[in-house]
>>> print(open('coords-v9.txt').read())   # compact mmCIF, C-alpha atoms
# COMPACT_ATOMS: atom_id res chain seq x y z
CA MET A 1 16.40 3.79 23.82
CA PRO A 2 18.76 5.08 21.12
CA PRO A 3 19.81 8.64 21.96
CA LYS A 4 18.77 11.31 19.49
CA ASN A 5 22.26 12.79 19.75
CA ARG A 6 23.67 9.66 18.06
CA PHE A 7 21.40 10.31 15.11
CA ALA A 8 22.22 14.01 15.27
CA GLU A 9 25.84 12.96 14.72
CA MET A 10 24.72 10.85 11.76
CA LEU A 11 22.48 13.62 10.39
CA PRO A 12 24.82 14.88 7.63
CA GLU A 13 25.27 11.35 6.30
CA ILE A 14 21.57 10.46 6.46
CA THR A 15 20.69 13.82 4.88
CA GLU A 16 23.06 13.07 2.02
CA TRP A 17 21.25 9.78 1.36
CA ARG A 18 17.87 11.51 1.53
CA ARG A 19 18.84 14.24 -0.90
CA ASP A 20 20.32 11.72 -3.31
CA PHE A 21 17.00 9.85 -3.33
CA HIS A 22 15.21 13.17 -3.74
CA ALA A 23 17.25 14.11 -6.80
CA HIS A 24 16.56 10.75 -8.46
CA PRO A 25 12.84 10.00 -7.95
CA GLU A 26 11.27 6.82 -9.31
CA LEU A 27 7.64 5.80 -9.60
CA GLN A 28 5.68 2.86 -8.22
CA PHE A 29 7.50 -0.45 -8.87
CA ASP A 30 10.11 1.13 -11.14
CA VAL A 31 12.49 1.91 -8.27
CA GLN A 32 15.55 -0.05 -9.38
CA ARG A 33 18.04 2.73 -8.64
CA THR A 34 16.56 3.51 -5.24
CA ALA A 35 16.26 -0.14 -4.24
CA GLY A 36 19.78 -0.84 -5.47
CA ARG A 37 21.19 2.06 -3.47
CA VAL A 38 19.27 0.92 -0.38
CA ALA A 39 20.59 -2.65 -0.73
CA ASP A 40 24.18 -1.44 -1.22
CA LEU A 41 24.02 0.78 1.86
CA LEU A 42 22.55 -2.02 3.96
CA ARG A 43 25.32 -4.41 2.92
CA GLY A 44 27.84 -1.74 3.82
CA PHE A 45 26.33 -1.47 7.30
CA GLY A 46 27.01 -5.16 7.85
CA VAL A 47 23.41 -6.29 8.31
CA ASP A 48 22.91 -10.04 8.43
CA GLU A 49 20.80 -10.44 5.30
CA VAL A 50 19.69 -8.33 2.35
CA THR A 51 17.04 -9.70 -0.02
CA PRO A 52 15.95 -7.62 -3.03
CA GLY A 53 13.03 -8.35 -5.34
CA ILE A 54 10.33 -8.85 -2.70
CA GLY A 55 7.00 -7.53 -3.98
CA ARG A 56 8.75 -7.09 -7.35
CA THR A 57 11.24 -4.39 -6.32
CA GLY A 58 11.12 -4.23 -2.52
CA VAL A 59 14.11 -4.86 -0.26
CA VAL A 60 14.08 -6.75 3.04
CA ALA A 61 16.99 -6.61 5.48
CA VAL A 62 17.59 -8.63 8.64
CA ILE A 63 19.54 -7.50 11.70
CA LYS A 64 20.02 -9.91 14.57
CA GLY A 65 20.40 -8.68 18.13
CA LYS A 66 23.21 -9.65 20.48
CA THR A 67 20.92 -12.35 21.85
CA ASP A 68 17.77 -14.15 20.75
CA THR A 69 16.38 -15.84 23.83
CA ALA A 70 12.70 -15.13 23.14
CA GLY A 71 12.60 -15.59 19.37
CA ARG A 72 10.92 -12.24 18.82
CA VAL A 73 10.82 -10.58 15.38
CA VAL A 74 9.80 -6.95 14.80
CA GLY A 75 9.27 -5.41 11.35
CA LEU A 76 9.88 -1.77 10.41
CA ARG A 77 8.66 -0.37 7.08
CA ALA A 78 9.53 2.61 4.87
CA ASP A 79 8.27 3.39 1.37
CA MET A 80 10.58 4.34 -1.53
CA ASP A 81 8.52 5.64 -4.46
CA ALA A 82 7.88 9.18 -5.68
CA LEU A 83 5.01 10.90 -7.53
CA PRO A 84 4.38 12.04 -11.14
CA ILE A 85 4.61 15.74 -10.21
CA THR A 86 6.85 18.50 -11.57
CA GLU A 87 8.89 19.88 -8.66
CA LEU A 88 8.67 23.59 -7.73
CA THR A 89 10.81 23.71 -4.60
CA GLY A 90 13.87 25.38 -6.10
CA VAL A 91 16.23 23.47 -3.81
CA ASP A 92 19.70 22.66 -5.08
CA TYR A 93 19.01 18.91 -4.79
CA ALA A 94 15.72 19.10 -6.68
CA SER A 95 14.54 16.32 -8.93
CA THR A 96 16.70 15.69 -11.96
CA VAL A 97 13.92 13.69 -13.63
CA ALA A 98 11.29 15.65 -15.52
CA GLY A 99 7.76 15.18 -14.22
CA LYS A 100 8.77 13.17 -11.16
CA MET A 101 9.44 14.28 -7.59
CA HIS A 102 9.45 13.07 -4.02
CA ALA A 103 6.36 15.08 -3.10
CA CYS A 104 5.32 12.82 -0.21
CA GLY A 105 8.57 12.44 1.73
CA HIS A 106 9.26 8.80 0.97
CA ASP A 107 12.86 9.85 0.41
CA GLY A 108 12.90 10.90 4.06
CA HIS A 109 11.22 7.72 5.26
CA THR A 110 13.76 5.56 3.42
CA ALA A 111 16.70 7.60 4.71
CA MET A 112 15.45 7.50 8.31
CA LEU A 113 15.04 3.73 8.23
CA LEU A 114 18.51 3.40 6.72
CA GLY A 115 19.84 5.49 9.60
CA ALA A 116 18.11 3.19 12.07
CA ALA A 117 19.55 0.18 10.22
CA LYS A 118 23.10 1.50 10.51
CA TYR A 119 22.63 2.18 14.22
CA LEU A 120 21.07 -1.21 14.92
CA ALA A 121 23.77 -3.04 12.96
CA GLU A 122 26.43 -1.23 14.98
CA THR A 123 24.91 -1.66 18.44
CA ARG A 124 22.67 -4.77 18.25
CA ASN A 125 21.44 -3.86 21.71
CA PHE A 126 18.31 -5.99 21.57
CA ASP A 127 17.14 -9.57 22.06
CA GLY A 128 15.61 -10.86 18.84
CA THR A 129 15.53 -10.02 15.16
CA ALA A 130 14.73 -6.77 13.35
CA VAL A 131 13.34 -7.02 9.82
CA LEU A 132 13.58 -3.80 7.81
CA ILE A 133 11.13 -3.44 4.93
CA PHE A 134 11.79 -1.01 2.07
CA GLN A 135 8.63 -0.98 0.00
CA PRO A 136 7.93 0.15 -3.58
CA ALA A 137 4.68 1.46 -5.03
CA GLU A 138 2.86 3.00 -2.10
CA GLU A 139 1.52 5.73 -4.38
CA GLY A 140 -1.22 3.73 -6.02
CA GLY A 141 0.56 0.53 -6.89
CA GLY A 142 -0.13 -1.50 -3.76
CA GLY A 143 3.47 -2.44 -3.07
CA GLY A 144 2.62 -3.36 0.49
CA ARG A 145 0.06 -5.85 -0.78
CA GLU A 146 2.59 -7.30 -3.20
CA MET A 147 5.26 -7.76 -0.54
CA CYS A 148 2.75 -9.54 1.69
CA ALA A 149 1.61 -11.68 -1.26
CA ASP A 150 5.24 -12.70 -1.72
CA GLY A 151 5.04 -14.33 1.72
CA MET A 152 7.18 -11.72 3.47
CA MET A 153 5.54 -12.01 6.87
CA ASP A 154 5.88 -15.79 7.10
CA ARG A 155 9.25 -16.00 5.36
CA TRP A 156 10.91 -13.78 7.95
CA GLY A 157 8.63 -14.70 10.83
CA ILE A 158 7.53 -11.12 11.45
CA GLN A 159 5.36 -10.95 14.57
CA GLU A 160 4.49 -7.24 14.64
CA VAL A 161 5.12 -4.38 12.23
CA TYR A 162 5.44 -0.60 12.46
CA GLY A 163 5.41 2.22 9.92
CA MET A 164 5.78 5.99 9.91
CA HIS A 165 4.87 8.94 7.69
CA ASN A 166 5.88 12.57 7.90
CA MET A 167 3.06 15.08 8.26
CA PRO A 168 3.20 18.80 7.41
CA GLY A 169 1.37 20.98 9.90
CA ILE A 170 2.73 19.07 12.90
CA PRO A 171 5.88 20.58 14.48
CA VAL A 172 9.15 18.83 13.72
CA GLY A 173 9.89 16.28 16.43
CA HIS A 174 6.24 15.88 17.43
CA PHE A 175 4.36 12.62 16.83
CA ALA A 176 0.66 11.89 16.26
CA ILE A 177 -1.18 8.58 16.36
CA ARG A 178 -4.46 6.99 17.37
CA PRO A 179 -5.70 3.46 18.05
CA GLY A 180 -8.14 1.97 15.57
CA ALA A 181 -8.83 3.54 12.20
CA MET A 182 -5.98 5.92 11.39
CA MET A 183 -6.48 6.38 7.63
CA ALA A 184 -9.31 5.54 5.27
CA ALA A 185 -10.00 2.83 2.77
CA ALA A 186 -9.93 4.29 -0.74
CA ASP A 187 -12.05 2.67 -3.44
CA THR A 188 -12.59 3.82 -7.03
CA VAL A 189 -15.84 4.01 -8.98
CA ASP A 190 -16.26 4.13 -12.76
CA ILE A 191 -19.81 4.60 -14.04
CA THR A 192 -20.89 4.43 -17.66
CA ILE A 193 -24.37 5.76 -18.45
CA THR A 194 -25.85 5.03 -21.87
CA GLY A 195 -28.97 6.69 -23.19
CA LYS A 196 -30.13 7.98 -26.56
CA GLY A 197 -28.22 10.88 -28.03
CA GLY A 198 -29.62 13.52 -30.30
CA HIS A 199 -30.18 17.20 -30.99
CA ALA A 200 -30.32 19.55 -28.02
CA ALA A 201 -33.44 21.17 -29.51
CA LYS A 202 -35.32 17.87 -29.41
CA PRO A 203 -34.74 16.39 -25.94
CA HIS A 204 -38.06 14.55 -26.10
CA ASP A 205 -36.56 12.32 -28.77
CA CYS A 206 -33.59 11.50 -26.55
CA ILE A 207 -32.72 9.85 -23.26
CA ASP A 208 -30.55 12.60 -21.85
CA THR A 209 -27.52 11.02 -20.22
CA THR A 210 -26.31 14.32 -18.77
CA VAL A 211 -29.53 14.67 -16.80
CA VAL A 212 -29.22 11.05 -15.65
CA ALA A 213 -25.62 11.67 -14.61
CA ALA A 214 -26.63 14.77 -12.65
CA HIS A 215 -29.31 12.84 -10.76
CA VAL A 216 -26.82 10.03 -10.06
CA ILE A 217 -24.25 12.45 -8.66
CA VAL A 218 -26.78 14.06 -6.33
CA ALA A 219 -28.35 10.75 -5.30
CA LEU A 220 -24.96 9.26 -4.36
CA GLN A 221 -24.57 11.99 -1.74
CA THR A 222 -27.49 10.49 0.20
CA ILE A 223 -25.20 7.62 1.18
CA ALA A 224 -23.38 9.94 3.57
CA SER A 225 -26.28 12.23 4.43
CA ARG A 226 -29.02 9.63 4.90
CA GLY A 227 -27.60 6.10 4.73
CA VAL A 228 -24.70 6.02 7.17
CA ASP A 229 -24.61 6.79 10.88
CA PRO A 230 -23.47 10.44 11.07
CA LEU A 231 -20.88 9.47 13.68
CA LYS A 232 -19.16 7.28 11.08
CA GLN A 233 -17.12 8.61 8.18
CA VAL A 234 -17.84 8.15 4.48
CA VAL A 235 -17.01 10.40 1.54
CA VAL A 236 -18.37 9.70 -1.96
CA SER A 237 -16.83 12.05 -4.50
CA ILE A 238 -17.55 12.06 -8.22
CA CYS A 239 -14.53 13.93 -9.58
CA ASN A 240 -14.67 13.48 -13.32
CA VAL A 241 -17.52 13.71 -15.87
CA THR A 242 -16.93 13.13 -19.57
CA THR A 243 -19.21 12.66 -22.58
CA ASP A 244 -18.78 11.37 -26.10
CA SER A 245 -19.51 14.84 -27.47
CA THR A 246 -17.88 18.26 -27.12
CA ALA A 247 -20.57 20.19 -28.98
CA HIS A 248 -22.89 22.75 -27.39
CA ASN A 249 -25.96 21.37 -29.14
CA VAL A 250 -25.59 17.60 -28.90
CA ILE A 251 -27.14 15.45 -26.18
CA PRO A 252 -24.52 12.75 -25.72
CA GLN A 253 -25.18 9.07 -26.10
CA VAL A 254 -22.76 8.18 -23.29
CA VAL A 255 -21.60 9.89 -20.10
CA LYS A 256 -18.80 8.50 -17.94
CA LEU A 257 -18.24 9.32 -14.28
CA LYS A 258 -15.19 8.67 -12.17
CA GLY A 259 -14.88 9.02 -8.42
CA THR A 260 -13.67 7.70 -5.11
CA VAL A 261 -15.22 6.32 -1.96
CA ARG A 262 -13.46 6.84 1.38
CA THR A 263 -14.51 4.95 4.49
CA MET A 264 -13.07 4.23 7.94
CA ASP A 265 -15.10 1.14 8.78
CA PHE A 266 -15.27 -2.25 7.02
CA GLU A 267 -19.06 -2.50 7.41
CA VAL A 268 -19.57 1.02 6.08
CA GLN A 269 -17.33 0.14 3.12
CA ASP A 270 -19.48 -2.91 2.32
CA TYR A 271 -22.70 -0.89 2.70
CA THR A 272 -21.43 1.93 0.50
CA GLU A 273 -20.36 -0.39 -2.30
CA ARG A 274 -23.80 -2.02 -2.33
CA ARG A 275 -25.61 1.33 -2.29
CA VAL A 276 -23.53 2.76 -5.14
CA HIS A 277 -24.72 -0.09 -7.34
CA GLU A 278 -28.34 0.21 -6.18
CA ILE A 279 -28.51 3.98 -6.59
CA VAL A 280 -26.86 4.12 -10.00
CA ASP A 281 -28.92 1.25 -11.36
CA GLY A 282 -32.15 2.62 -9.88
CA VAL A 283 -31.72 6.19 -11.09
CA ALA A 284 -30.72 5.08 -14.58
CA GLN A 285 -33.65 2.71 -14.86
CA ALA A 286 -36.11 5.32 -13.60
CA LEU A 287 -34.94 7.77 -16.27
CA GLY A 288 -34.86 5.23 -19.09
CA ALA A 289 -31.10 4.84 -19.37
CA LYS A 290 -28.70 1.98 -18.76
CA ALA A 291 -25.74 2.10 -16.39
CA VAL A 292 -22.70 -0.04 -15.69
CA VAL A 293 -20.77 0.36 -12.44
CA ASP A 294 -17.17 -0.76 -12.03
CA TYR A 295 -16.43 -0.55 -8.29
CA GLN A 296 -12.86 -1.42 -7.36
CA ARG A 297 -11.66 -1.89 -3.80
CA GLY A 298 -8.45 0.04 -3.15
CA TYR A 299 -6.27 0.28 -0.06
CA PRO A 300 -8.06 -1.00 3.06
CA VAL A 301 -8.56 1.00 6.25
CA THR A 302 -5.25 1.57 8.06
CA MET A 303 -6.25 0.05 11.39
CA ASN A 304 -3.85 0.50 14.30
CA HIS A 305 -3.94 -2.24 16.91
CA ALA A 306 -4.59 -0.78 20.37
CA GLU A 307 -1.79 -2.52 22.26
CA ASN A 308 0.79 -1.80 19.55
CA THR A 309 -0.33 1.82 19.41
CA ASP A 310 0.50 2.06 23.12
CA TYR A 311 3.98 0.70 22.38
CA ALA A 312 4.46 3.25 19.60
CA VAL A 313 3.30 6.09 21.86
CA SER A 314 5.70 5.03 24.61
CA VAL A 315 8.70 5.09 22.27
CA ALA A 316 7.66 8.40 20.70
CA GLN A 317 7.25 9.89 24.16
CA ALA A 318 10.76 8.78 25.06
CA VAL A 319 12.14 10.20 21.81
CA SER A 320 10.58 13.66 21.92
CA GLY A 321 8.11 14.05 24.78
CA HIS A 322 5.55 15.43 22.32
CA VAL A 323 2.90 12.90 21.30
CA ASP A 324 -0.73 13.38 20.34
CA ALA A 325 -2.05 9.91 21.15
CA ASP A 326 -5.60 10.64 19.95
CA THR A 327 -5.07 12.53 16.72
CA ALA A 328 -7.97 12.87 14.33
CA PRO A 329 -8.14 10.19 11.61
CA LEU A 330 -7.43 11.19 8.02
CA MET A 331 -9.47 10.32 4.95
CA GLY A 332 -6.33 9.74 2.91
CA ALA A 333 -5.28 6.13 2.27
CA GLU A 334 -2.09 4.19 2.93
CA ASP A 335 -1.07 0.71 1.79
CA PHE A 336 0.71 -0.09 5.05
CA SER A 337 -2.86 -1.19 5.79
CA TYR A 338 -2.13 -4.50 4.05
CA MET A 339 0.66 -5.25 6.49
CA LEU A 340 -1.58 -4.38 9.44
CA LEU A 341 -4.15 -6.85 8.13
CA GLU A 342 -1.52 -9.61 8.36
CA ARG A 343 0.21 -8.67 11.62
CA PRO A 344 -0.52 -6.49 14.65
CA GLY A 345 1.23 -3.15 14.59
CA ALA A 346 0.82 0.60 14.33
CA TYR A 347 1.35 3.53 11.99
CA ILE A 348 2.48 6.92 13.33
CA PHE A 349 2.85 10.46 11.97
CA LEU A 350 6.05 12.46 12.48
CA GLY A 351 5.88 16.25 12.25
CA ASN A 352 7.35 17.90 9.15
CA GLY A 353 6.78 21.46 10.31
CA ASP A 354 5.26 24.36 8.41
CA THR A 355 5.78 23.08 4.87
CA ALA A 356 3.58 22.63 1.83
CA MET A 357 1.26 19.64 2.15
CA VAL A 358 2.30 16.29 0.75
CA HIS A 359 1.52 15.80 -2.96
CA HIS A 360 2.14 19.52 -3.59
CA PRO A 361 4.89 20.56 -6.06
CA ALA A 362 6.44 22.83 -3.41
CA TYR A 363 6.53 20.15 -0.69
CA ASN A 364 9.90 19.25 0.79
CA PHE A 365 10.89 16.90 3.58
CA ASP A 366 12.48 18.68 6.57
CA ASP A 367 15.82 17.04 7.33
CA ASN A 368 15.60 18.25 10.93
CA ALA A 369 13.01 15.51 11.45
CA ILE A 370 15.54 12.77 10.68
CA PRO A 371 16.97 12.25 14.21
CA PHE A 372 13.45 11.89 15.62
CA GLY A 373 12.32 9.44 12.95
CA SER A 374 15.44 7.29 13.05
CA SER A 375 15.29 7.27 16.85
CA TRP A 376 11.68 6.09 16.78
CA TYR A 377 12.39 3.32 14.27
CA ALA A 378 15.36 2.04 16.26
CA GLY A 379 13.53 2.60 19.52
CA MET A 380 10.68 0.33 18.48
CA VAL A 381 13.20 -2.51 18.08
CA GLU A 382 14.97 -1.89 21.38
CA ALA A 383 11.75 -1.32 23.33
CA ARG A 384 9.86 -4.31 21.92
CA MET A 385 12.88 -6.63 22.19
CA PRO A 386 14.87 -5.35 25.19
CA ALA A 387 18.36 -6.76 25.61
CA ALA A 388 18.44 -9.90 27.73
>>> encode(input="coords-v9.txt", output="structure tokens")
Amino acid sequence: MPPKNRFAEMLPEITEWRRDFHAHPELQFDVQRTAGRVADLLRGFGVDEVTPGIGRTGVVAVIKGKTDTAGRVVGLRADMDALPITELTGVDYASTVAGKMHACGHDGHTAMLLGAAKYLAETRNFDGTAVLIFQPAEEGGGGGREMCADGMMDRWGIQEVYGMHNMPGIPVGHFAIRPGAMMAAADTVDITITGKGGHAAKPHDCIDTTVVAAHVIVALQTIASRGVDPLKQVVVSICNVTTDSTAHNVIPQVVKLKGTVRTMDFEVQDYTERRVHEIVDGVAQALGAKAVVDYQRGYPVTMNHAENTDYAVSVAQAVSGHVDADTAPLMGAEDFSYMLLERPGAYIFLGNGDTAMVHHPAYNFDDNAIPFGSSWYAGMVEARMPAA
């Protein structure tokens, strides 16, 4: 197991990388500077292979152990992209790019995996091959899906894969994980309701789309309250309602609704998609309107494999001694889920202390978490592929 004190020694250097990424945030697949810096650092560490351009702008690095008697290959993933948020932290390394900031800590994830890469390239105290995955476009772009679609898993022979995310509200150095569903699937729903517009004083001459929309919004809540086992999770949220009129006295011809569906179970996801269509169509027809539903599947459920979760817990326990191995699942979504659909593995949370929540303009990654995160990344390689 890599000692945390080794990463404590490296902390100023890793922190410098992290703060450089923080000051220069990039969005989704447009991470050329970040990816270029990552690739340059990896080459400087003396890793065996650096391949940019996977999943459009992702970077994959290979580090071979001192021996390779068993032919094992373990993947480690970090995300690189930022968010379209104006930063309000006031730190001296704050974003230099207007309207963009690392509000989710991907700068920290990337820096921690780079720290693990430097350590592993120096020591190579394992039997097998480590594949380090630096992914673009986690924040809505599906970069994990794109890297998998590029054949990453087969090209580098990855047999199992592990990812990590910082989490405010958990003490620094503490870990949290659970087997099975860790984070939700996140789908989007766009609904267009068309009726007959007219004067607000003569509703009898109209088909009032606002009334139809109101009934649709209420009826969709019966999916959770009456359609799904109450021990299973589903959230249907209509978050945006717009019409083709801004007047006080006009019944609009068209109302558009936008929302999300969050589920933790593949069967519940299928059921919910079907019921959204049935409810919207049924309510609209009953009230004389027409409706079109555009239901788009988003990130799948992040499903930790039980055996690999045990491995992740064991390493986290060795790193810090503080592990919640049955943490509550979250209804947020994560595109590491695509990698877990292709290979067994696990996704773990690392405490970020008492900070603003991720996606908040005052959020900031706590650099004191770096030795724990880098130790866990490197520890997964050494524990899963112990030196011969």
>>> residues_around(input="coords-v9.txt", residues="range 37-54 of chain A", least_positions_apart="2", cutoff="8 Å", atoms="only C-alpha atoms", output="JSON list (two decimals) with C-alpha atoms, in the coordinates of the input")
[["chain", "number", "residue", "atom", "x", "y", "z"],
["A", 33, "ARG", "CA", 18.04, 2.73, -8.64],
["A", 34, "THR", "CA", 16.56, 3.51, -5.24],
["A", 35, "ALA", "CA", 16.26, -0.14, -4.24],
["A", 56, "ARG", "CA", 8.75, -7.09, -7.35],
["A", 57, "THR", "CA", 11.24, -4.39, -6.32],
["A", 58, "GLY", "CA", 11.12, -4.23, -2.52],
["A", 59, "VAL", "CA", 14.11, -4.86, -0.26],
["A", 60, "VAL", "CA", 14.08, -6.75, 3.04],
["A", 61, "ALA", "CA", 16.99, -6.61, 5.48],
["A", 62, "VAL", "CA", 17.59, -8.63, 8.64],
["A", 63, "ILE", "CA", 19.54, -7.50, 11.70],
["A", 64, "LYS", "CA", 20.02, -9.91, 14.57],
["A", 114, "LEU", "CA", 18.51, 3.40, 6.72],
["A", 117, "ALA", "CA", 19.55, 0.18, 10.22],
["A", 118, "LYS", "CA", 23.10, 1.50, 10.51],
["A", 121, "ALA", "CA", 23.77, -3.04, 12.96],
["A", 122, "GLU", "CA", 26.43, -1.23, 14.98],
["A", 146, "GLU", "CA", 2.59, -7.30, -3.20],
["A", 147, "MET", "CA", 5.26, -7.76, -0.54],
["A", 150, "ASP", "CA", 5.24, -12.70, -1.72],
["A", 152, "MET", "CA", 7.18, -11.72, 3.47]]
>>> atom_distance(input="coords-v9.txt", atom1="CA of Ala378 in chain A", atom2="CA of Gly55 in chain A")
23.9 Å
>>> closest_residue(input="coords-v9.txt", among="A:Val211, A:Leu340, A:Ala201, A:Val31", to="Asn249 in chain A", atoms="only C-alpha atoms")
A:Ala201
>>> atom_distance(input="coords-v9.txt", atom1="CA of Gln269 in chain A", atom2="CA of Arg297 in chain A")
9.2 Å
>>> closest_atom_pairs(input="coords-v9.txt", of="range 178-197 of chain A", to="range 221-234 of chain A", cutoff="12 Å", atoms="all atoms listed in the file", output="JSON lines")
{"residue": "A:Ala181", "atom": "CA", "partner": "A:Gln233", "partner_atom": "CA", "distance": 10.5}
{"residue": "A:Met182", "atom": "CA", "partner": "A:Gln233", "partner_atom": "CA", "distance": 11.9}
{"residue": "A:Met183", "atom": "CA", "partner": "A:Gln233", "partner_atom": "CA", "distance": 10.9}
{"residue": "A:Ala184", "atom": "CA", "partner": "A:Gln233", "partner_atom": "CA", "distance": 8.9}
{"residue": "A:Ala185", "atom": "CA", "partner": "A:Val234", "partner_atom": "CA", "distance": 9.6}
{"residue": "A:Ala186", "atom": "CA", "partner": "A:Val234", "partner_atom": "CA", "distance": 10.2}
{"residue": "A:Asp187", "atom": "CA", "partner": "A:Val234", "partner_atom": "CA", "distance": 11.2}
>>> residues_around(input="coords-v9.txt", residues="range 308-314 of chain A", least_positions_apart="4", cutoff="9 Å", atoms="all atoms listed in the file", output="count of residues only")
24
>>> atom_distance(input="coords-v9.txt", atom1="CA of Thr272 in chain A", atom2="CA of Pro252 in chain A")
28.5 Å
>>> closest_atom_pairs(input="coords-v9.txt", of="range 89-167 of chain A", to="range 7-20 of chain A", cutoff="12 Å", atoms="all atoms listed in the file", output="JSON lines")
{"residue": "A:Val91", "atom": "CA", "partner": "A:Arg19", "partner_atom": "CA", "distance": 10.0}
{"residue": "A:Asp92", "atom": "CA", "partner": "A:Arg19", "partner_atom": "CA", "distance": 9.4}
{"residue": "A:Tyr93", "atom": "CA", "partner": "A:Arg19", "partner_atom": "CA", "distance": 6.1}
{"residue": "A:Ala94", "atom": "CA", "partner": "A:Arg19", "partner_atom": "CA", "distance": 8.2}
{"residue": "A:Ser95", "atom": "CA", "partner": "A:Asp20", "partner_atom": "CA", "distance": 9.3}
{"residue": "A:Thr96", "atom": "CA", "partner": "A:Asp20", "partner_atom": "CA", "distance": 10.2}
{"residue": "A:Met101", "atom": "CA", "partner": "A:Arg19", "partner_atom": "CA", "distance": 11.5}
{"residue": "A:His102", "atom": "CA", "partner": "A:Arg19", "partner_atom": "CA", "distance": 10.0}
{"residue": "A:Gly105", "atom": "CA", "partner": "A:Arg18", "partner_atom": "CA", "distance": 9.3}
{"residue": "A:His106", "atom": "CA", "partner": "A:Arg18", "partner_atom": "CA", "distance": 9.0}
{"residue": "A:Asp107", "atom": "CA", "partner": "A:Arg18", "partner_atom": "CA", "distance": 5.4}
{"residue": "A:Gly108", "atom": "CA", "partner": "A:Arg18", "partner_atom": "CA", "distance": 5.6}
{"residue": "A:His109", "atom": "CA", "partner": "A:Arg18", "partner_atom": "CA", "distance": 8.5}
{"residue": "A:Thr110", "atom": "CA", "partner": "A:Arg18", "partner_atom": "CA", "distance": 7.5}
{"residue": "A:Ala111", "atom": "CA", "partner": "A:Arg18", "partner_atom": "CA", "distance": 5.2}
{"residue": "A:Met112", "atom": "CA", "partner": "A:Ile14", "partner_atom": "CA", "distance": 7.0}
{"residue": "A:Leu113", "atom": "CA", "partner": "A:Ile14", "partner_atom": "CA", "distance": 9.5}
{"residue": "A:Leu114", "atom": "CA", "partner": "A:Ile14", "partner_atom": "CA", "distance": 7.7}
{"residue": "A:Gly115", "atom": "CA", "partner": "A:Ile14", "partner_atom": "CA", "distance": 6.1}
{"residue": "A:Ala116", "atom": "CA", "partner": "A:Phe7", "partner_atom": "CA", "distance": 8.4}
{"residue": "A:Ala117", "atom": "CA", "partner": "A:Ile14", "partner_atom": "CA", "distance": 11.1}
{"residue": "A:Lys118", "atom": "CA", "partner": "A:Met10", "partner_atom": "CA", "distance": 9.6}
{"residue": "A:Tyr119", "atom": "CA", "partner": "A:Phe7", "partner_atom": "CA", "distance": 8.3}
{"residue": "A:Leu120", "atom": "CA", "partner": "A:Phe7", "partner_atom": "CA", "distance": 11.5}
>>> closest_residue(input="coords-v9.txt", among="A:Ala333, A:Val97, A:Val236, A:Val73", to="Ala23 in chain A", atoms="only C-alpha atoms")
A:Val97
>>> closest_residue(input="coords-v9.txt", among="A:Thr246, A:Val381, A:Gln317, A:Met153", to="Arg72 in chain A", atoms="all atoms listed in the file")
A:Val381
>>> axis_aligned_box(input="coords-v9.txt", around="range 41-53 of chain A", padding_each_side="3 Å", output="JSON")
{"center_x": 20.4, "center_y": -4.8, "center_z": 1.5, "size_x": 20.8, "size_y": 17.2, "size_z": 19.8}
>>> residues_around(input="coords-v9.txt", residues="Val280 in chain A", least_positions_apart="6", cutoff="9 Å", atoms="only C-alpha atoms", output="VMD selection string")
chain A and resid 191 193 213 216 to 217 219 to 220 291 to 293
>>> closest_residue(input="coords-v9.txt", among="A:Ala306, A:Val189, A:Met339, A:Cys104", to="Gly163 in chain A", atoms="all atoms listed in the file")
A:Met339
>>> closest_residue(input="coords-v9.txt", among="A:His165, A:His322, A:Arg155, A:Lys66", to="Ile370 in chain A", atoms="all atoms listed in the file")
A:His165
>>> residues_around(input="coords-v9.txt", residues="range 194-197 of chain A", least_positions_apart="5", cutoff="7 Å", atoms="all atoms listed in the file", output="list in words")
Cys206, Ile207, Asp208, Thr209, Ile251, Pro252, Gln253, Val254, Val255, Ala289, Lys290 and Ala291 of chain A
>>> decode(input="coords-v9.txt", residues="range 11-32 of chain A", atoms="C-alpha atoms", output="PDB file, in the first residue's frame")
ATOM      1  CA  LEU A  11       1.395  17.568  -1.875  1.00  0.00           C
ATOM      2  CA  PRO A  12       2.855  20.973  -2.853  1.00  0.00           C
ATOM      3  CA  GLU A  13       3.551  19.740  -6.377  1.00  0.00           C
ATOM      4  CA  ILE A  14       0.152  18.066  -6.818  1.00  0.00           C
ATOM      5  CA  THR A  15      -1.564  21.134  -5.352  1.00  0.00           C
ATOM      6  CA  GLU A  16       0.218  23.311  -7.894  1.00  0.00           C
ATOM      7  CA  TRP A  17      -1.163  21.154 -10.721  1.00  0.00           C
ATOM      8  CA  ARG A  18      -4.643  21.261  -9.218  1.00  0.00           C
ATOM      9  CA  ARG A  19      -4.672  25.027  -8.850  1.00  0.00           C
ATOM     10  CA  ASP A  20      -3.373  25.496 -12.375  1.00  0.00           C
ATOM     11  CA  PHE A  21      -6.287  23.401 -13.678  1.00  0.00           C
ATOM     12  CA  HIS A  22      -8.622  25.376 -11.425  1.00  0.00           C
ATOM     13  CA  ALA A  23      -7.465  28.716 -12.837  1.00  0.00           C
ATOM     14  CA  HIS A  24      -7.971  27.519 -16.421  1.00  0.00           C
ATOM     15  CA  PRO A  25     -11.330  25.681 -16.527  1.00  0.00           C
ATOM     16  CA  GLU A  26     -12.637  24.154 -19.743  1.00  0.00           C
ATOM     17  CA  LEU A  27     -16.048  22.733 -20.588  1.00  0.00           C
ATOM     18  CA  GLN A  28     -17.168  19.319 -21.788  1.00  0.00           C
ATOM     19  CA  PHE A  29     -15.043  18.112 -24.734  1.00  0.00           C
ATOM     20  CA  ASP A  30     -13.269  21.448 -25.160  1.00  0.00           C
ATOM     21  CA  VAL A  31     -10.471  20.543 -22.735  1.00  0.00           C
ATOM     22  CA  GLN A  32      -7.463  20.874 -25.024  1.00  0.00           C
TER      23      GLN A  32
END
